[in-house]
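Q: File structure-v4.txt follows (compact mmCIF, C-alpha atoms):
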# COMPACT_ATOMS: atom_id res chain seq x y z
CA MET A 1 16.25 7.61 -23.61
CA GLN A 2 16.66 6.77 -19.97
CA ASP A 3 13.37 8.48 -19.12
CA GLN A 4 11.51 6.62 -21.82
CA LYS A 5 12.74 3.34 -20.47
CA GLY A 6 11.74 4.41 -16.96
CA ALA A 7 8.23 5.33 -18.12
CA HIS A 8 7.92 1.96 -19.81
CA THR A 9 8.76 0.04 -16.68
CA MET A 10 6.50 2.34 -14.66
CA LEU A 11 3.44 1.44 -16.70
CA HIS A 12 4.27 -2.21 -17.25
CA VAL A 13 2.65 -4.14 -14.41
CA GLY A 14 5.14 -5.75 -12.06
CA LEU A 15 5.63 -6.52 -8.40
CA ASN A 16 5.52 -2.83 -7.42
CA HIS A 17 2.05 -2.33 -8.87
CA TYR A 18 0.61 -5.20 -6.88
CA LEU A 19 2.30 -3.95 -3.72
CA VAL A 20 0.96 -0.43 -4.21
CA LEU A 21 -2.56 -1.73 -4.78
CA SER A 22 -2.19 -3.93 -1.71
CA GLY A 23 -1.06 -0.93 0.36
CA VAL A 24 -3.99 1.19 -0.82
CA LEU A 25 -6.52 -1.53 -0.01
CA PHE A 26 -4.94 -2.08 3.41
CA SER A 27 -5.16 1.64 4.18
CA ILE A 28 -8.83 1.71 3.17
CA GLY A 29 -9.39 -1.16 5.59
CA VAL A 30 -7.67 0.78 8.39
CA LEU A 31 -9.84 3.79 7.53
CA GLY A 32 -12.97 1.65 7.89
CA VAL A 33 -11.88 0.28 11.26
CA LEU A 34 -11.16 3.77 12.57
CA LEU A 35 -14.12 5.69 11.17
CA ARG A 36 -17.12 3.37 11.43
CA LYS A 37 -19.04 2.56 14.59
CA ASN A 38 -20.95 -0.43 13.22
CA ALA A 39 -19.28 -3.67 14.36
CA LEU A 40 -20.23 -5.47 11.14
CA ILE A 41 -18.54 -2.85 8.97
CA ILE A 42 -15.47 -3.05 11.20
CA LEU A 43 -15.32 -6.82 10.74
CA MET A 44 -15.63 -6.34 6.98
CA SER A 45 -12.81 -3.80 7.02
CA ILE A 46 -10.62 -6.30 8.85
CA GLU A 47 -11.40 -8.86 6.12
CA LEU A 48 -10.40 -6.23 3.57
CA MET A 49 -7.05 -5.69 5.31
CA LEU A 50 -6.37 -9.43 5.43
CA ASN A 51 -7.17 -9.68 1.74
CA ALA A 52 -4.80 -6.84 0.92
CA VAL A 53 -2.02 -8.65 2.77
CA ASN A 54 -2.88 -11.83 0.87
CA LEU A 55 -2.42 -9.96 -2.39
CA SER A 56 1.09 -8.88 -1.44
CA PHE A 57 1.92 -12.43 -0.30
CA VAL A 58 0.86 -13.88 -3.64
CA ALA A 59 2.68 -11.15 -5.59
CA PHE A 60 5.90 -11.84 -3.69
CA SER A 61 5.39 -15.56 -4.19
CA LYS A 62 5.13 -15.07 -7.95
CA TYR A 63 8.07 -12.73 -8.40
CA ALA A 64 10.38 -14.52 -5.95
CA GLN A 65 9.54 -17.88 -7.57
CA ASN A 66 8.80 -19.32 -4.15
CA MET A 67 5.67 -21.17 -3.06
CA ASP A 68 5.88 -20.28 0.64
CA GLY A 69 3.88 -17.10 0.13
CA GLN A 70 0.91 -19.05 -1.18
CA ILE A 71 1.04 -21.39 1.81
CA MET A 72 0.92 -18.32 4.04
CA VAL A 73 -2.15 -17.06 2.14
CA PHE A 74 -3.78 -20.42 2.79
CA PHE A 75 -3.19 -20.01 6.52
CA VAL A 76 -4.36 -16.40 6.54
CA MET A 77 -7.59 -17.43 4.81
CA THR A 78 -8.27 -20.09 7.44
CA ILE A 79 -7.62 -17.68 10.28
CA ALA A 80 -9.78 -15.00 8.63
CA ALA A 81 -12.69 -17.42 8.35
CA ALA A 82 -12.34 -18.42 12.01
CA GLU A 83 -12.08 -14.78 13.03
CA ALA A 84 -15.19 -13.85 11.04
CA ALA A 85 -17.18 -16.65 12.68
CA VAL A 86 -16.19 -15.65 16.22
CA GLY A 87 -16.56 -11.93 15.49
CA LEU A 88 -20.05 -12.41 14.10
CA ALA A 89 -21.00 -14.52 17.11
CA ILE A 90 -19.92 -11.64 19.35
CA ALA A 91 -21.91 -9.22 17.18
CA VAL A 92 -24.99 -11.42 17.60
CA ALA A 93 -24.45 -11.44 21.37
CA VAL A 94 -24.19 -7.64 21.40
CA PHE A 95 -27.31 -7.28 19.28
CA LYS A 96 -29.31 -9.56 21.54
CA ARG A 97 -28.47 -7.40 24.51
CA PHE A 98 -28.59 -3.86 23.13
CA LYS A 99 -30.62 -4.16 19.91
CA GLU A 100 -27.91 -2.55 17.82
CA VAL A 101 -24.35 -3.42 16.80
CA ASN A 102 -22.44 -0.34 17.87
CA ILE A 103 -18.92 -0.79 19.23
CA ALA A 104 -19.79 1.64 22.02
CA HIS A 105 -21.69 -1.26 23.61
CA PHE A 106 -18.75 -3.65 23.58
CA GLU A 107 -17.36 -2.39 26.86
CA ASN A 108 -20.57 -3.40 28.61
CA LEU A 109 -20.42 -7.00 27.45
CA LYS A 110 -19.66 -9.26 30.42
CA GLY A 111 -20.06 -12.92 29.58
CA MET B 1 5.81 1.71 -25.40
CA GLU B 2 2.76 -0.49 -25.57
CA LEU B 3 0.52 -1.73 -22.82
CA THR B 4 -0.40 -5.38 -22.99
CA ALA B 5 -3.94 -6.57 -22.37
CA ALA B 6 -2.87 -7.90 -18.97
CA ASP B 7 -1.65 -4.44 -17.96
CA ILE B 8 -4.86 -2.74 -19.03
CA LEU B 9 -6.92 -5.34 -17.16
CA PHE B 10 -4.78 -4.78 -14.07
CA TYR B 11 -5.43 -1.04 -14.10
CA LEU B 12 -9.15 -1.54 -14.79
CA PHE B 13 -9.67 -4.10 -12.05
CA GLY B 14 -7.39 -2.23 -9.68
CA PHE B 15 -9.46 0.92 -10.11
CA VAL B 16 -12.73 -0.97 -9.62
CA SER B 17 -11.41 -2.74 -6.52
CA VAL B 18 -10.21 0.49 -4.89
CA VAL B 19 -13.50 2.26 -5.60
CA SER B 20 -15.48 -0.71 -4.27
CA ALA B 21 -13.29 -0.86 -1.16
CA LEU B 22 -13.91 2.83 -0.51
CA MET B 23 -17.63 2.27 -0.90
CA VAL B 24 -17.49 -0.67 1.53
CA VAL B 25 -16.28 1.79 4.13
CA PHE B 26 -18.48 4.78 3.31
CA VAL B 27 -21.82 3.29 2.18
CA SER B 28 -24.37 3.55 4.98
CA ASN B 29 -26.29 0.29 4.41
CA PRO B 30 -24.31 -2.74 5.70
CA ILE B 31 -25.88 -5.04 3.09
CA TYR B 32 -24.43 -2.92 0.28
CA SER B 33 -21.10 -2.99 2.09
CA ALA B 34 -21.15 -6.78 2.17
CA LEU B 35 -21.97 -7.06 -1.53
CA LEU B 36 -19.26 -4.56 -2.47
CA LEU B 37 -16.78 -6.47 -0.33
CA ALA B 38 -17.71 -9.61 -2.29
CA VAL B 39 -16.86 -7.64 -5.46
CA VAL B 40 -13.46 -6.68 -4.04
CA MET B 41 -12.72 -10.27 -3.06
CA SER B 42 -13.71 -11.63 -6.47
CA ILE B 43 -11.42 -9.09 -8.15
CA LEU B 44 -8.60 -10.14 -5.84
CA GLY B 45 -9.34 -13.69 -6.96
CA ILE B 46 -8.78 -12.54 -10.54
CA PHE B 47 -5.45 -11.02 -9.52
CA PHE B 48 -4.43 -14.26 -7.82
CA PHE B 49 -5.26 -16.13 -11.00
CA ASN B 50 -3.16 -13.68 -12.98
CA LEU B 51 -0.30 -14.23 -10.54
CA GLU B 52 -0.42 -17.96 -11.30
CA ALA B 53 -1.77 -18.91 -7.89
CA HIS B 54 -4.62 -20.94 -9.30
CA PHE B 55 -5.58 -22.87 -6.20
CA ILE B 56 -5.48 -19.74 -4.05
CA ALA B 57 -7.67 -17.96 -6.61
CA ALA B 58 -10.28 -20.70 -6.44
CA ALA B 59 -10.12 -20.77 -2.65
CA GLN B 60 -10.48 -16.99 -2.56
CA VAL B 61 -13.69 -17.07 -4.56
CA VAL B 62 -15.13 -20.09 -2.76
CA VAL B 63 -14.12 -19.28 0.80
CA TYR B 64 -14.24 -15.48 0.85
CA ALA B 65 -16.68 -14.36 -1.81
CA GLY B 66 -18.78 -17.44 -1.11
CA ALA B 67 -18.70 -18.64 2.47
CA VAL B 68 -17.53 -15.67 4.53
CA MET B 69 -19.68 -13.10 2.76
CA VAL B 70 -22.74 -15.36 2.93
CA LEU B 71 -22.08 -15.68 6.66
CA PHE B 72 -21.96 -11.90 6.96
CA VAL B 73 -25.17 -11.37 5.02
CA MET B 74 -26.91 -14.13 6.95
CA VAL B 75 -26.01 -12.57 10.29
CA MET B 76 -27.23 -9.22 8.99
CA MET B 77 -30.57 -10.81 8.19
CA LEU B 78 -30.85 -11.69 11.87
CA PHE B 79 -30.54 -8.04 12.82
CA ASP B 80 -33.08 -5.30 12.59
CA LEU B 81 -31.15 -3.14 10.18
CA LYS B 82 -33.48 -0.16 10.04
CA ARG B 83 -31.64 1.56 12.84
CA GLU B 84 -28.25 0.43 11.63
CA LYS B 85 -28.21 2.90 8.77
CA GLU B 86 -26.02 5.31 10.65
CA GLU B 87 -23.78 7.85 9.02
CA VAL B 88 -20.03 7.76 9.14
CA ALA B 89 -18.57 9.20 12.33
CA ARG B 90 -19.32 12.86 12.92
CA PHE B 91 -16.82 15.43 11.79
CA SER B 92 -14.49 16.32 14.65
CA ILE B 93 -10.83 16.87 15.49
CA LEU B 94 -10.51 13.17 16.22
CA THR B 95 -11.86 12.29 12.78
CA VAL B 96 -9.34 14.61 11.14
CA LEU B 97 -6.54 13.03 13.16
CA LYS B 98 -7.68 9.55 12.15
CA ILE B 99 -7.79 10.47 8.48
CA ILE B 100 -4.34 12.08 8.67
CA SER B 101 -2.84 9.04 10.38
CA VAL B 102 -4.38 6.72 7.80
CA GLY B 103 -2.94 8.96 5.10
CA VAL B 104 0.51 8.59 6.65
CA VAL B 105 0.13 4.80 6.83
CA CYS B 106 -1.05 4.74 3.21
CA GLY B 107 1.89 6.89 2.12
CA VAL B 108 4.43 4.67 3.88
CA LEU B 109 2.92 1.46 2.48
CA VAL B 110 2.59 2.78 -1.07
CA GLY B 111 6.06 4.31 -0.98
CA ALA B 112 7.60 1.07 0.27
CA GLY B 113 5.69 -0.94 -2.29
CA ALA B 114 6.72 1.34 -5.14
CA MET B 115 10.40 1.39 -4.22
CA ILE B 116 11.13 -2.29 -3.70
CA THR B 117 13.60 -3.52 -6.26
CA GLY B 118 15.33 -6.79 -6.83
CA ASP B 119 18.45 -5.67 -5.00
CA GLY B 120 16.64 -3.91 -2.18
CA MET B 121 15.76 -7.03 -0.25
CA GLY B 122 18.67 -9.04 0.99
CA PHE B 123 16.66 -11.89 2.41
CA ILE B 124 14.60 -12.79 -0.61
CA LYS B 125 15.47 -12.78 -4.26
CA VAL B 126 12.83 -10.81 -6.11
CA SER B 127 12.77 -9.84 -9.74
CA THR B 128 10.39 -6.95 -10.24
CA THR B 129 9.90 -7.88 -13.85
CA GLU B 130 8.63 -11.22 -14.90
CA ALA B 131 11.63 -13.40 -15.60
CA PRO B 132 11.96 -17.12 -16.18
CA PRO B 133 13.97 -18.92 -13.54
CA PRO B 134 17.68 -19.05 -14.36
CA PRO B 135 18.94 -22.33 -15.80
CA SER B 136 20.75 -23.16 -12.58
CA MET B 137 17.38 -23.66 -10.89
CA LEU B 138 16.32 -26.33 -13.31
CA LEU B 139 16.93 -29.97 -12.66
CA LYS B 140 18.85 -31.89 -15.25
CA SER B 141 15.78 -34.01 -15.90
CA ASP B 142 13.76 -30.87 -16.60
CA ILE B 143 16.13 -29.78 -19.31
CA ASN B 144 15.87 -33.16 -20.94
CA ALA B 145 12.11 -33.47 -20.55
CA PRO B 146 10.71 -30.02 -19.78
CA THR B 147 7.02 -30.93 -19.60
CA LYS B 148 7.37 -34.15 -17.68
CA GLN B 149 4.85 -34.47 -14.86
CA THR B 150 5.55 -36.91 -12.08
CA THR B 151 2.53 -38.69 -10.71
CA ASN B 152 4.29 -41.84 -9.63
CA PRO B 153 3.82 -41.99 -5.85
CA GLU B 154 7.30 -43.34 -5.26
CA GLU B 155 8.88 -40.39 -6.99
CA LEU B 156 6.62 -37.95 -5.13
CA LYS B 157 7.73 -39.47 -1.86
CA ASP B 158 11.34 -38.92 -2.85
CA GLU B 159 10.60 -35.27 -3.55
CA VAL B 160 8.95 -34.81 -0.16
CA VAL B 161 11.97 -36.26 1.58
CA GLU B 162 14.11 -33.97 -0.52
CA ILE B 163 12.18 -30.87 0.50
CA THR B 164 12.19 -31.65 4.21
CA GLN B 165 15.87 -32.49 4.31
CA ASN B 166 17.24 -29.97 1.87
CA PRO B 167 15.67 -26.49 1.84
CA GLN B 168 17.35 -25.67 -1.45
CA ALA B 169 15.38 -28.46 -3.09
CA GLY B 170 12.26 -26.30 -2.82
CA VAL B 171 13.62 -24.07 -5.55
CA GLU B 172 14.14 -27.00 -7.83
CA ILE B 173 10.66 -28.33 -7.13
CA PHE B 174 9.28 -25.05 -8.44
CA THR B 175 9.93 -25.90 -12.04
CA LYS B 176 8.82 -29.48 -11.98
CA TYR B 177 5.19 -29.68 -10.97
CA THR B 178 1.97 -27.88 -11.68
CA ASP B 179 0.92 -25.15 -9.33
CA THR B 180 -1.43 -27.01 -7.05
CA GLN B 181 0.85 -30.01 -6.81
CA LYS B 182 3.67 -27.79 -5.62
CA LEU B 183 1.41 -26.17 -3.07
CA SER B 184 0.26 -29.50 -1.66
CA LEU B 185 3.79 -30.91 -1.59
CA LYS B 186 4.93 -28.03 0.59
CA LEU B 187 1.76 -27.87 2.67
CA PHE B 188 1.92 -31.53 3.64
CA SER B 189 5.67 -31.77 4.20
CA LYS B 190 7.37 -28.61 5.35
CA TYR B 191 4.29 -26.95 6.85
CA ILE B 192 2.44 -30.00 8.14
CA PHE B 193 2.77 -28.95 11.79
CA ILE B 194 1.25 -25.51 11.17
CA PHE B 195 -1.48 -27.18 9.14
CA GLU B 196 -2.38 -29.38 12.11
CA LEU B 197 -2.27 -26.39 14.45
CA LEU B 198 -4.75 -24.62 12.15
CA SER B 199 -7.16 -27.53 12.42
CA VAL B 200 -7.02 -27.18 16.21
CA LEU B 201 -7.62 -23.44 15.82
CA LEU B 202 -10.69 -24.10 13.69
CA LEU B 203 -12.04 -26.47 16.33
CA VAL B 204 -11.54 -23.81 18.99
CA ALA B 205 -13.28 -21.25 16.77
CA ILE B 206 -16.26 -23.54 16.21
CA VAL B 207 -16.65 -24.22 19.93
CA GLY B 208 -16.20 -20.54 20.75
CA ALA B 209 -18.71 -19.33 18.17
CA VAL B 210 -21.33 -21.85 19.28
CA ALA B 211 -20.78 -21.02 22.94
CA LEU B 212 -21.09 -17.28 22.26
CA ALA B 213 -24.18 -17.51 20.07
CA ARG B 214 -25.97 -20.15 22.11
CA SER B 215 -26.83 -18.04 25.14
CA LYS B 216 -30.41 -17.37 26.16
CA GLY B 217 -32.77 -15.21 24.14
CA GLY B 218 -33.24 -14.62 20.43
CA THR B 219 -32.25 -11.71 18.24
CA HIS B 220 -35.79 -10.38 18.13
CA HIS B 221 -38.37 -9.66 20.77
CA VAL B 222 -40.53 -12.70 21.42
CA THR B 223 -43.32 -13.08 23.91
CA ARG B 224 -42.14 -14.60 27.15
CA GLY B 225 -43.07 -18.12 28.06
CA SER B 226 -42.59 -19.68 24.65
Mind turning the file's structure into structure tokens?
A:
Amino acid sequence: MQDQKGAHTMLHVGLNHYLVLSGVLFSIGVLGVLLRKNALIILMSIELMLNAVNLSFVAFSKYAQNMDGQIMVFFVMTIAAAEAAVGLAIAVAVFKRFKEVNIAHFENLKG
Amino acid sequence: MELTAADILFYLFGFVSVVSALMVVFVSNPIYSALLLAVVMSILGIFFFNLEAHFIAAAQVVVYAGAVMVLFVMVMMLFDLKREKEEVARFSILTVLKIISVGVVCGVLVGAGAMITGDGMGFIKVSTTEAPPPPSMLLKSDINAPTKQTTNPEELKDEVVEITQNPQAGVEIFTKYTDTQKLSLKLFSKYIFIFELLSVLLLVAIVGAVALARSKGGTHHVTRGS
């Protein structure tokens, strides 16, 4: 009886499911940042991590009946857009100089 | 025990998003990565919609899947991508260590996410199952007229004053307005200072990006003297 009830709540989508999905997506983003050498892929992985965090913010906002989480998502989106713009500008600068976007070249970038 | 349609859609979209995210990381062509990331972001937009964050869902699709990914693809078009098709990092001890550490991070995050219950968090009241707000959260006027929407500016102003002066009023606001109205009420009252700071940040980002990208030379070889 108790087990059946537990299985029901396990499968029924709630806050925990969204948090688990968010954690998995965040970890995949970390994996991308660590494993890839291409600066563009690294920037995309960072976007993926920010999106995963946004998902947990919105899930908490829904289940805590509190709007503050959505406001935070709004701010994170703005910062992510700014970060993408600056990061891509740096990638363009690296490409101009070295003709490829490998993070190994970033240490040679002086102004 | 029956699964509702919303549950099945969650599992379906969750599976697709995780697979797409993995392919973002492991596909060798950056253009494919960008398109798959757009897929992940659109699916997250669907989740936001399902979580009743309608404005955030729209912003997710417009800003992320639209603007940011178009920016990425456009910058990629500037590059000569033939040489960029490099494989994932070579297999070494370091790679194994990285994968193990990411596995640990993933385990901690997933474990924490799976174990959070309503009582587990002292600082925020969370119900892990979908529950309507208790009657104590409702205003008296809501009980009398549950679907009443206030658009009268005078009344809105009163609510803003109420939020800024009494934090508890935020809970009561939750039941009274539509989603986007609630968001804007909070954004332009309680969080107005952070909002203004963000506008300054965006200005700094614009200036920085232009200054970085505006240096001499193009992205491709051109004959000198032009």
Q: Please tabulate, as a Markdown table, the residues of segment 8-76 of chain B that come within 8 Å of segment 71-93 of chain A, each with its closest pair of atoms and the distance in Å to one decimal, counting all atoms listed in the file and ordering rows by chain, then residue number upward.
A:
| residue | atom | partner | partner_atom | distance |
| --- | --- | --- | --- | --- |
| B:Ile56 | CA | A:Phe74 | CA | 7.1 |
| B:Gln60 | CA | A:Met77 | CA | 7.9 |
| B:Val63 | CA | A:Met77 | CA | 7.9 |
| B:Tyr64 | CA | A:Ala81 | CA | 7.9 |
| B:Val68 | CA | A:Ala81 | CA | 6.4 |
| B:Leu71 | CA | A:Ala85 | CA | 7.8 |
| B:Phe72 | CA | A:Leu88 | CA | 7.4 |
| B:Val75 | CA | A:Leu88 | CA | 7.1 |
Q: Can you pull out every residue within 8 Å of Ala114 of chain B, counting all atoms listed in the file, but drop anything in the same chain fewer than 4 positions away, and send it as an MDAnalysis selection string?
A: (chainID A and resid 16:17 19:20) or (chainID B and resid 110)
Q: Rounded to one decimal place, report the atom CA of Val33 of chain A-atom CA of Ser45 of chain A distance in Å.
A: 6.0 Å
Q: Would you mind telling me which residue in B:Tyr11, B:Phe48, B:Tyr32, B:Phe55 lies nearest to Thr178 of chain B when using only C-alpha atoms?
A: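 Smallest distance to Thr178 of chain B is found for B:Phe55.
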Q: Provide the atom CA of Asp179 of chain B to atom CA of Val18 of chain B distance in Å, to one decimal place.
A: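 Separation between atom CA of Asp179 of chain B and atom CA of Val18 of chain B: 28.3 Å.
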Q: Find the residue from A:Met67, A:Val101, A:Val13, A:Val94 that sits nearest to Lys186 of chain B; use all atoms listed in the file when measuring.
A: A:Met67
Q: Suppose you want the space between atom CA of Leu22 of chain B and atom CA of Ile8 of chain B; what is it in Å?
A: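 For atom CA of Leu22 of chain B relative to atom CA of Ile8 of chain B, the distance reads 21.4 Å.
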Q: When distances are computed from all atoms listed in the file, which of B:Ile100, B:Val207, B:Leu94, B:Leu212 shows the smallest separation from chain A?
A: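 Looking at the shortest contact to chain A, the residue is B:Leu212.
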Q: Near segment 34-37 of chain A, within 8 Å and counting all atoms listed in the file, which residues show up once chain neighbours fewer than 2 positions away are dropped, as a list in words?
A: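 Listing them by chain and then by number gives Val30, Leu31, Gly32, Ala39, Ile41, Ile42, Asn102, Ile103 and Ala104 of chain A; Val25, Val88, Ala89, Thr95 and Lys98 of chain B.
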Q: Select, from B:Gly113, B:Lys190, B:Gly45, B:Val62, the residue with the minimum atom-to-atom distance to chain A, counting all atoms listed in the file.
A: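 Using all atoms listed in the file, chain A sits closest to B:Gly113.
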Q: Out of A:Tyr18, A:Phe106, A:Ser61, A:Lys96, which residue has the shortest atom-to-atom distance to chain B when counting all atoms listed in the file?
A: A:Lys96
Q: Please determine, counting all atoms listed in the file, which residue among B:Arg214, B:Leu183, B:Ala112, B:Ala53 has the shortest atom-to-atom distance to Asp68 of chain A.
A: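 Comparing B:Arg214, B:Leu183, B:Ala112, B:Ala53 against Asp68 of chain A, the winner is B:Leu183.
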